[in-house]
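Asker: My structure file protein.cif, mmCIF, C-alpha atoms (C1' of nucleotides), is below:
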data_start
#
loop_
_atom_site.label_atom_id
_atom_site.label_comp_id
_atom_site.auth_asym_id
_atom_site.auth_seq_id
_atom_site.Cartn_x
_atom_site.Cartn_y
_atom_site.Cartn_z
CA MET A 26 86.34 121.26 107.63
CA ALA A 27 88.73 118.46 106.79
CA PRO A 28 87.18 115.13 105.75
CA VAL A 29 87.13 112.54 108.44
CA VAL A 30 89.41 109.64 107.61
CA PRO A 31 89.28 106.78 110.08
CA GLU A 32 92.55 105.46 111.35
CA LEU A 33 93.89 102.68 109.18
CA THR A 34 94.11 100.51 112.28
CA ALA A 35 90.43 101.00 112.93
CA HIS A 36 89.69 98.59 110.12
CA LEU A 37 89.31 94.97 111.05
CA GLY A 38 90.77 94.07 107.68
CA TYR A 39 93.94 95.94 108.45
CA ARG A 40 94.44 94.29 111.84
CA LEU A 41 93.60 90.96 110.32
CA ARG A 42 96.29 91.44 107.72
CA GLN A 43 98.83 92.49 110.32
CA VAL A 44 98.23 89.44 112.47
CA SER A 45 97.87 87.04 109.58
CA ASN A 46 101.07 88.26 107.95
CA HIS A 47 102.97 87.89 111.17
CA VAL A 48 101.69 84.39 111.85
CA SER A 49 102.40 83.31 108.28
CA HIS A 50 105.88 84.79 108.28
CA ALA A 51 106.72 83.16 111.57
CA PHE A 52 105.53 79.87 110.13
CA ALA A 53 107.44 80.49 106.91
CA ARG A 54 110.67 80.87 108.85
CA LYS A 55 110.11 77.55 110.58
CA LEU A 56 109.28 75.84 107.31
CA ALA A 57 112.27 77.42 105.58
CA ALA A 58 114.55 75.53 107.94
CA GLN A 59 112.99 72.40 106.47
CA GLY A 60 113.32 73.64 102.92
CA VAL A 61 109.65 74.23 102.10
CA THR A 62 107.37 77.24 101.77
CA VAL A 63 103.91 77.81 103.21
CA ALA A 64 102.23 77.26 99.84
CA GLU A 65 104.19 74.04 99.34
CA TRP A 66 103.12 72.86 102.78
CA GLY A 67 99.52 73.64 101.87
CA LEU A 68 99.72 71.42 98.81
CA MET A 69 101.40 68.61 100.72
CA ARG A 70 98.83 68.79 103.47
CA THR A 71 95.98 68.73 100.98
CA LEU A 72 97.48 65.64 99.39
CA TYR A 73 98.10 63.90 102.69
CA GLY A 74 95.86 60.96 103.40
CA LYS A 75 94.71 60.73 99.81
CA GLU A 76 96.05 58.37 97.23
CA ARG A 77 96.36 60.87 94.40
CA LEU A 78 94.62 63.96 93.10
CA PRO A 79 94.47 65.71 89.71
CA PRO A 80 95.85 69.27 89.63
CA SER A 81 92.35 70.58 88.95
CA ARG A 82 91.11 69.17 92.27
CA LEU A 83 94.05 70.69 94.10
CA ALA A 84 93.30 74.02 92.45
CA ASP A 85 89.68 73.91 93.58
CA GLU A 86 90.44 72.90 97.13
CA MET A 87 93.26 75.35 97.55
CA GLY A 88 91.54 78.24 95.81
CA MET A 89 94.28 78.61 93.22
CA THR A 90 94.50 78.36 89.44
CA ARG A 91 95.73 75.25 87.68
CA GLY A 92 98.76 77.13 86.43
CA ALA A 93 99.75 77.98 89.97
CA ILE A 94 99.38 74.35 91.02
CA THR A 95 101.63 73.21 88.19
CA LYS A 96 104.35 75.57 89.28
CA LEU A 97 104.03 74.62 92.93
CA ALA A 98 104.02 70.93 92.04
CA ASP A 99 107.14 71.36 89.89
CA ARG A 100 109.04 72.63 92.88
CA LEU A 101 107.84 69.81 95.12
CA ILE A 102 108.72 67.27 92.46
CA ALA A 103 112.21 68.73 92.23
CA LYS A 104 112.48 68.13 95.98
CA ALA A 105 111.20 64.58 95.54
CA LEU A 106 108.31 65.25 97.91
CA VAL A 107 105.60 64.80 95.28
CA SER A 108 105.32 62.74 92.12
CA ARG A 109 103.32 63.32 88.96
CA GLU A 110 101.85 60.46 86.99
CA ALA A 111 99.72 60.27 83.87
CA SER A 112 96.22 59.00 84.37
CA PRO A 113 95.71 55.54 82.87
CA ASP A 114 92.15 56.22 81.69
CA ASP A 115 92.33 59.80 80.39
CA GLY A 116 95.30 60.76 78.27
CA ARG A 117 94.97 64.42 79.20
CA ALA A 118 94.81 63.90 82.93
CA GLN A 119 97.66 63.88 85.39
CA THR A 120 97.67 63.01 89.05
CA LEU A 121 99.81 64.21 91.90
CA ARG A 122 100.65 62.40 95.07
CA LEU A 123 103.10 62.48 97.92
CA THR A 124 106.20 60.35 97.60
CA ALA A 125 107.19 58.16 100.55
CA LYS A 126 109.61 60.90 101.51
CA GLY A 127 106.86 63.49 101.30
CA THR A 128 104.46 61.39 103.33
CA HIS A 129 106.96 60.92 106.10
CA PHE A 130 107.68 64.62 106.07
CA VAL A 131 104.12 65.81 106.68
CA PRO A 132 103.87 64.99 110.39
CA ARG A 133 107.08 66.87 111.07
CA LEU A 134 105.78 69.94 109.26
CA ALA A 135 102.43 69.61 111.02
CA ALA A 136 104.29 69.72 114.32
CA LEU A 137 105.85 73.01 113.25
CA ALA A 138 102.39 74.34 112.44
CA ASP A 139 101.22 73.39 115.91
CA GLN A 140 104.26 74.98 117.47
CA ASN A 141 103.74 78.18 115.52
CA GLU A 142 100.11 78.18 116.51
CA ALA A 143 101.00 77.83 120.15
CA GLU A 144 103.57 80.61 120.03
CA CYS A 145 101.37 83.10 118.20
CA PHE A 146 98.20 82.59 120.20
CA ALA A 147 99.59 81.61 123.59
CA HIS A 148 98.40 84.85 125.14
CA LEU A 149 94.75 84.21 124.29
CA SER A 150 92.48 82.53 126.79
CA VAL A 151 90.92 79.26 125.75
CA ARG A 152 87.63 81.11 125.52
CA ASP A 153 89.03 83.78 123.22
CA ARG A 154 90.67 81.20 121.02
CA THR A 155 87.38 79.36 120.73
CA VAL A 156 85.51 82.54 119.90
CA LEU A 157 88.11 83.54 117.33
CA ALA A 158 87.93 80.12 115.71
CA ARG A 159 84.14 80.35 115.55
CA ILE A 160 84.15 83.84 114.07
CA LEU A 161 86.72 82.91 111.45
CA THR A 162 84.90 79.73 110.55
CA GLU A 163 81.61 81.59 110.18
CA THR A 164 83.32 84.16 108.02
CA VAL A 165 84.93 81.53 105.83
CA GLU A 166 81.54 79.95 105.30
CA ARG A 167 79.75 83.22 104.72
CA LEU A 168 82.30 84.45 102.24
CA GLY A 169 82.10 81.15 100.41
CA LEU A 170 85.75 80.27 100.86
CA THR A 171 86.85 76.69 100.51
CA GLY A 172 87.24 75.96 104.16
CA VAL A 173 86.68 72.30 104.58
CA PRO A 174 88.67 70.00 102.32
CA VAL A 175 86.06 68.22 100.25
CA ASP A 176 86.44 64.52 100.56
CA MET B 9 99.51 53.31 113.89
CA ALA B 10 99.62 56.28 111.56
CA PRO B 11 100.79 59.56 113.02
CA VAL B 12 98.00 61.95 113.88
CA VAL B 13 98.07 65.03 111.67
CA PRO B 14 95.51 67.66 112.56
CA GLU B 15 93.40 69.05 109.75
CA LEU B 16 95.00 72.06 108.16
CA THR B 17 91.81 73.97 108.81
CA ALA B 18 92.06 73.24 112.49
CA HIS B 19 94.82 75.82 112.73
CA LEU B 20 93.76 79.33 113.58
CA GLY B 21 96.63 80.57 111.45
CA TYR B 22 95.23 78.83 108.42
CA ARG B 23 91.73 80.26 108.84
CA LEU B 24 93.20 83.63 109.55
CA ARG B 25 95.11 83.50 106.30
CA GLN B 26 92.04 82.42 104.37
CA VAL B 27 89.93 85.27 105.69
CA SER B 28 92.68 87.86 105.54
CA ASN B 29 93.55 86.95 101.97
CA HIS B 30 89.95 87.19 100.91
CA VAL B 31 89.40 90.56 102.57
CA SER B 32 92.64 91.93 101.13
CA HIS B 33 91.89 90.67 97.65
CA ALA B 34 88.40 92.13 97.72
CA PHE B 35 89.91 95.43 98.80
CA ALA B 36 92.64 95.17 96.16
CA ARG B 37 89.99 94.85 93.45
CA LYS B 38 88.28 98.00 94.67
CA LEU B 39 91.56 99.88 94.85
CA ALA B 40 92.61 98.63 91.41
CA ALA B 41 89.66 100.48 89.92
CA GLN B 42 91.30 103.62 91.35
CA GLY B 43 94.74 102.65 90.07
CA VAL B 44 96.43 101.86 93.39
CA THR B 45 97.46 98.73 95.29
CA VAL B 46 96.91 97.84 98.92
CA ALA B 47 100.55 98.52 99.81
CA GLU B 48 100.41 101.88 98.06
CA TRP B 49 97.27 102.75 99.98
CA GLY B 50 99.05 101.80 103.19
CA LEU B 51 101.85 104.22 102.48
CA MET B 52 99.45 107.02 101.53
CA ARG B 53 97.40 106.49 104.65
CA THR B 54 100.51 106.52 106.82
CA LEU B 55 101.54 109.78 105.24
CA TYR B 56 98.09 111.35 105.57
CA GLY B 57 97.79 114.09 108.14
CA LYS B 58 101.54 114.48 108.44
CA GLU B 59 103.60 117.07 106.72
CA ARG B 60 106.40 114.81 105.56
CA LEU B 61 108.23 111.70 106.69
CA PRO B 62 111.63 110.18 105.91
CA PRO B 63 111.57 106.73 104.26
CA SER B 64 113.13 105.25 107.38
CA ARG B 65 110.13 106.32 109.47
CA LEU B 66 107.73 104.87 106.92
CA ALA B 67 109.69 101.64 106.98
CA ASP B 68 109.45 101.42 110.76
CA GLU B 69 105.77 102.25 110.92
CA MET B 70 104.81 99.96 108.10
CA GLY B 71 107.07 97.09 109.13
CA MET B 72 108.95 97.07 105.84
CA THR B 73 112.54 97.60 104.77
CA ARG B 74 113.80 100.89 103.41
CA GLY B 75 114.38 99.32 100.03
CA ALA B 76 110.76 98.28 99.84
CA ILE B 77 109.64 101.81 100.75
CA THR B 78 111.79 103.28 97.98
CA LYS B 79 110.20 101.01 95.41
CA LEU B 80 106.68 101.73 96.64
CA ALA B 81 107.37 105.47 96.75
CA ASP B 82 108.75 105.39 93.20
CA ARG B 83 105.44 104.05 91.96
CA LEU B 84 103.43 106.63 93.88
CA ILE B 85 105.67 109.42 92.62
CA ALA B 86 105.13 108.20 89.06
CA LYS B 87 101.40 108.57 89.72
CA ALA B 88 101.95 112.05 91.15
CA LEU B 89 100.38 111.03 94.45
CA VAL B 90 103.55 111.46 96.49
CA SER B 91 106.59 113.70 96.19
CA ARG B 92 110.16 113.19 97.35
CA GLU B 93 112.28 116.08 98.57
CA ALA B 94 115.80 116.34 99.93
CA SER B 95 116.05 117.32 103.56
CA PRO B 96 117.47 120.82 104.05
CA ASP B 97 119.44 119.95 107.21
CA ASP B 98 120.83 116.49 106.42
CA GLY B 99 122.28 115.91 102.99
CA ARG B 100 121.63 112.18 103.18
CA ALA B 101 118.02 112.41 104.19
CA GLN B 102 114.98 112.48 101.97
CA THR B 103 111.37 113.12 102.88
CA LEU B 104 108.16 111.88 101.37
CA ARG B 105 104.80 113.53 101.44
CA LEU B 106 101.45 113.43 99.75
CA THR B 107 100.92 115.79 96.84
CA ALA B 108 97.72 117.81 96.76
CA LYS B 109 96.33 115.19 94.40
CA GLY B 110 97.34 112.44 96.79
CA THR B 111 95.83 114.22 99.77
CA HIS B 112 92.51 114.67 98.05
CA PHE B 113 92.56 111.04 97.03
CA VAL B 114 92.87 109.57 100.52
CA PRO B 115 89.28 110.12 101.68
CA ARG B 116 87.96 108.41 98.58
CA LEU B 117 90.18 105.40 99.17
CA ALA B 118 89.26 105.37 102.85
CA ALA B 119 85.61 105.16 101.81
CA LEU B 120 86.45 102.06 99.78
CA ALA B 121 88.12 100.57 102.83
CA ASP B 122 84.97 101.19 104.85
CA GLN B 123 82.83 99.69 102.12
CA ASN B 124 85.02 96.61 101.93
CA GLU B 125 84.91 96.29 105.68
CA ALA B 126 81.14 96.44 105.68
CA GLU B 127 80.83 93.85 102.93
CA CYS B 128 83.24 91.36 104.45
CA PHE B 129 82.03 91.52 108.02
CA ALA B 130 78.36 92.33 107.54
CA HIS B 131 77.32 88.91 108.78
CA LEU B 132 78.95 89.37 112.18
CA SER B 133 76.97 90.72 115.08
CA VAL B 134 78.16 93.96 116.61
CA ARG B 135 79.26 91.96 119.59
CA ASP B 136 81.32 89.55 117.50
CA ARG B 137 82.92 92.38 115.63
CA THR B 138 83.87 94.03 118.87
CA VAL B 139 85.31 90.82 120.25
CA LEU B 140 87.25 90.17 117.06
CA ALA B 141 88.66 93.69 117.13
CA ARG B 142 89.71 93.25 120.75
CA ILE B 143 91.36 89.88 120.13
CA LEU B 144 93.25 91.15 117.10
CA THR B 145 94.35 94.29 118.89
CA GLU B 146 95.59 92.28 121.85
CA THR B 147 97.45 89.97 119.51
CA VAL B 148 99.03 92.85 117.63
CA GLU B 149 100.26 94.28 120.91
CA ARG B 150 101.42 90.96 122.28
CA LEU B 151 103.32 90.06 119.15
CA GLY B 152 104.96 93.46 119.16
CA LEU B 153 103.61 94.51 115.79
CA THR B 154 103.45 98.17 114.91
CA GLY B 155 99.77 98.59 115.41
CA VAL B 156 99.31 102.17 116.39
CA PRO B 157 100.96 104.72 114.13
CA VAL B 158 103.49 106.42 116.36
CA ASP B 159 102.95 110.12 116.36
"C1'" DT C 17 133.01 104.52 110.47
"C1'" DA C 18 128.11 104.81 110.85
"C1'" DT C 19 123.93 106.16 108.71
"C1'" DT C 20 120.41 107.33 104.95
"C1'" DG C 21 118.74 106.06 100.76
"C1'" DT C 22 118.90 103.89 96.39
"C1'" DT C 23 119.88 100.23 93.26
"C1'" DA C 24 120.45 95.59 91.84
"C1'" DT C 25 119.04 91.15 92.28
"C1'" DA C 26 116.23 87.44 93.49
"C1'" DC C 27 112.39 84.67 94.87
"C1'" DT C 28 107.59 83.59 96.27
"C1'" DC C 29 102.98 83.88 95.05
"C1'" DT C 30 99.66 84.41 91.90
"C1'" DA C 31 97.07 85.63 87.74
"C1'" DT C 32 96.03 85.69 82.71
"C1'" DA C 33 96.46 83.97 78.36
"C1'" DA C 34 98.35 81.15 74.82
"C1'" DC C 35 99.31 76.60 73.65
"C1'" DT C 36 99.39 71.25 73.45
"C1'" DA C 37 97.35 67.01 73.64
"C1'" DT C 38 93.55 64.58 74.17
"C1'" DA C 39 88.43 63.71 74.24
"C1'" DT D 3 84.77 72.10 70.11
"C1'" DA D 4 85.59 71.40 75.00
"C1'" DT D 5 88.64 69.97 78.61
"C1'" DA D 6 93.17 68.99 81.34
"C1'" DG D 7 97.45 70.62 82.00
"C1'" DT D 8 101.54 73.17 80.94
"C1'" DT D 9 104.13 77.09 79.59
"C1'" DA D 10 105.05 81.90 79.07
"C1'" DT D 11 104.71 86.20 80.80
"C1'" DA D 12 103.91 89.61 84.10
"C1'" DG D 13 103.51 92.14 88.25
"C1'" DA D 14 102.93 92.71 93.35
"C1'" DG D 15 105.34 92.24 97.43
"C1'" DT D 16 109.29 91.73 99.85
"C1'" DA D 17 114.07 90.70 101.27
"C1'" DT D 18 119.18 90.94 101.12
"C1'" DA D 19 123.22 92.95 99.84
"C1'" DA D 20 126.11 96.19 97.50
"C1'" DC D 21 126.76 100.93 96.81
"C1'" DA D 22 126.82 106.24 97.04
"C1'" DA D 23 126.67 110.27 99.54
"C1'" DT D 24 127.02 112.45 103.73
"C1'" DA D 25 127.79 112.78 108.67
#
As a first step, turn the structure in this file into structure tokens.

Answerer:
Amino acid sequence: MAPVVPELTAHLGYRLRQVSNHVSHAFARKLAAQGVTVAEWGLMRTLYGKERLPPSRLADEMGMTRGAITKLADRLIAKALVSREASPDDGRAQTLRLTAKGTHFVPRLAALADQNEAECFAHLSVRDRTVLARILTETVERLGLTGVPVD
Amino acid sequence: MAPVVPELTAHLGYRLRQVSNHVSHAFARKLAAQGVTVAEWGLMRTLYGKERLPPSRLADEMGMTRGAITKLADRLIAKALVSREASPDDGRAQTLRLTAKGTHFVPRLAALADQNEAECFAHLSVRDRTVLARILTETVERLGLTGVPVD
DNA sequence: TATTGTTATACTCTATAACTATA
DNA sequence: TATAGTTATAGAGTATAACAATA
């Protein structure tokens, strides 16, 4: 008798990846028209509302390595959306912050995020959306992911 | 008054990405111990139970381009998990199929998928898991993603 | 000409590890 | 020696576009 292999689609993880990839790609297309990527938006959004943050903080909050942050920051600096400054008190430390241009840009990008959200989940009832949000939030917490930006 | 920018975490898409990335990475680590990647597993699973499929079919079912399928298939062929054969009736066409080694490997990888599933969603009640599955399935259908392997 | 695949190229995302400059 | 960041390197994942062979 042949071994039973469940359908790939029977796995929550698989469906999750399908939906997540689609939502992210749809968002990426919208952001591309503005010249930024999803990861770049993530860094900008994390920086928004704060004066300045060291790369190590960004790495922690975004769940990335410091090397990855450096690379991401380099691109944003090249676009004049972020600036890098040496810390006055610690010669090793650097800080990153949004430029005026970057700061003004965030609300526009946030609007695209909202729009994407609306388009991708329009078919869900308010109840379903609430339940989904709760389940995802619980999962983020349970899996120990950095969900809430530490402040 | 400063423009209102919703928290990044307030977006379902963001949470979805967090959870999906975590689940996929956890699965990737398990698969890595067996020498395959998540995308490679996806191709093997799509091939499983079928005699042979042309790259174009794989591309459609997996939502990838033909070029991407070629590259993925090359890696699997190098691992002797998949074989490529010219079609007898159409000189342009190729077909891909699992080797005996690849076929025997699938159930073991499927077990890892189950294990990963259990670990990542263990904290959810049966009811929540059911609801999540329903919501994701509805979303896959609504967004027109290739959810169910066409047969 | 249209189609099937492959190849070439490129870019994002991310990690690991080596390295530099401080502390 | 330990820490903050950067740089170098690498590989997965994926796309686009050019190309070859065949229809």

Asker: Evaluate the PyMOL selection byres ((chain B and resi 102-113) around 7) against this structure - the residues, as a PDB file with C-alpha atoms, keeping the file's coordinate frame, please.

Answerer:
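Result written to selection00.pdb:
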ATOM      1  CA  MET B  52      99.450 107.020 101.530  1.00  0.00           C
ATOM      2  CA  LEU B  55     101.540 109.780 105.240  1.00  0.00           C
ATOM      3  CA  TYR B  56      98.090 111.350 105.570  1.00  0.00           C
ATOM      4  CA  GLU B  59     103.600 117.070 106.720  1.00  0.00           C
ATOM      5  CA  ARG B  60     106.400 114.810 105.560  1.00  0.00           C
ATOM      6  CA  LEU B  61     108.230 111.700 106.690  1.00  0.00           C
ATOM      7  CA  PRO B  62     111.630 110.180 105.910  1.00  0.00           C
ATOM      8  CA  PRO B  63     111.570 106.730 104.260  1.00  0.00           C
ATOM      9  CA  ALA B  88     101.950 112.050  91.150  1.00  0.00           C
ATOM     10  CA  LEU B  89     100.380 111.030  94.450  1.00  0.00           C
ATOM     11  CA  VAL B  90     103.550 111.460  96.490  1.00  0.00           C
ATOM     12  CA  SER B  91     106.590 113.700  96.190  1.00  0.00           C
ATOM     13  CA  ARG B  92     110.160 113.190  97.350  1.00  0.00           C
ATOM     14  CA  GLU B  93     112.280 116.080  98.570  1.00  0.00           C
ATOM     15  CA  ALA B  94     115.800 116.340  99.930  1.00  0.00           C
ATOM     16  CA  SER B  95     116.050 117.320 103.560  1.00  0.00           C
ATOM     17  CA  ARG B 100     121.630 112.180 103.180  1.00  0.00           C
ATOM     18  CA  ALA B 101     118.020 112.410 104.190  1.00  0.00           C
ATOM     19  CA  VAL B 114      92.870 109.570 100.520  1.00  0.00           C
ATOM     20  CA  PRO B 115      89.280 110.120 101.680  1.00  0.00           C
ATOM     21  CA  ARG B 116      87.960 108.410  98.580  1.00  0.00           C
ATOM     22  CA  LEU B 117      90.180 105.400  99.170  1.00  0.00           C
TER      23      LEU B 117
END

Asker: Please, which residues of chain B lie no more than 8 Å from chain D when the count uses only C-alpha atoms (C1' of nucleotides), and can they be set out as a list in words?

Answerer: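 My answer is Thr73, Ala76, Asp98, Gly99 and Arg100 of chain B.
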
Asker: Limited to C-alpha atoms, could you put the picked residues into a file as a tab-separated table (two decimals), in the frame of the given file?

Answerer:
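Writing the result to again23.tsv gives the following:
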chain	number	residue	atom	x	y	z
B	73	THR	CA	112.54	97.60	104.77
B	76	ALA	CA	110.76	98.28	99.84
B	98	ASP	CA	120.83	116.49	106.42
B	99	GLY	CA	122.28	115.91	102.99
B	100	ARG	CA	121.63	112.18	103.18

Asker: Taking only C-alpha atoms into account, which residues of chain A are within 8 Å of chain B, as a ChimeraX atom specification?

Answerer: /A:28-31,33-34,36-38,40-46,48-49,67,70-71,131-132,135,138-139,142,145-146,148-149,153,157-158,160-162,164-165,167-168,170,172-173

Asker: Please check the contacts: residues of chain C at most 8 Å away from chain B, using all atoms listed in the file, listed as a PyMOL selection string.

Answerer: chain C and resi 20-22

Asker: Take CA of Ala81 (chain B) and CA of Glu48 (chain B) and report the distance between them in Å, one decimal.

Answerer: 7.9 Å

Asker: CA of Met72 (chain B) and CA of Ala53 (chain A), how far apart in Å?

Answerer: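 Going from CA of Ala53 (chain A) over to CA of Met72 (chain B) covers 16.7 Å.
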
Asker: One decimal, in Å: what's the spacing between C1' of DT28 (chain C) and CA of Leu56 (chain A)?

Answerer: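 According to the coordinates, C1' of DT28 (chain C) and CA of Leu56 (chain A) are separated by 13.6 Å.
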
Asker: Looking at A:Asp114, A:Leu83, A:Gln59, A:Ala64, which one is nearest to DA39 (chain C), with distances taken over all atoms listed in the file?

Answerer: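 Among the listed residues, the smallest separation from DA39 (chain C) belongs to A:Asp114.
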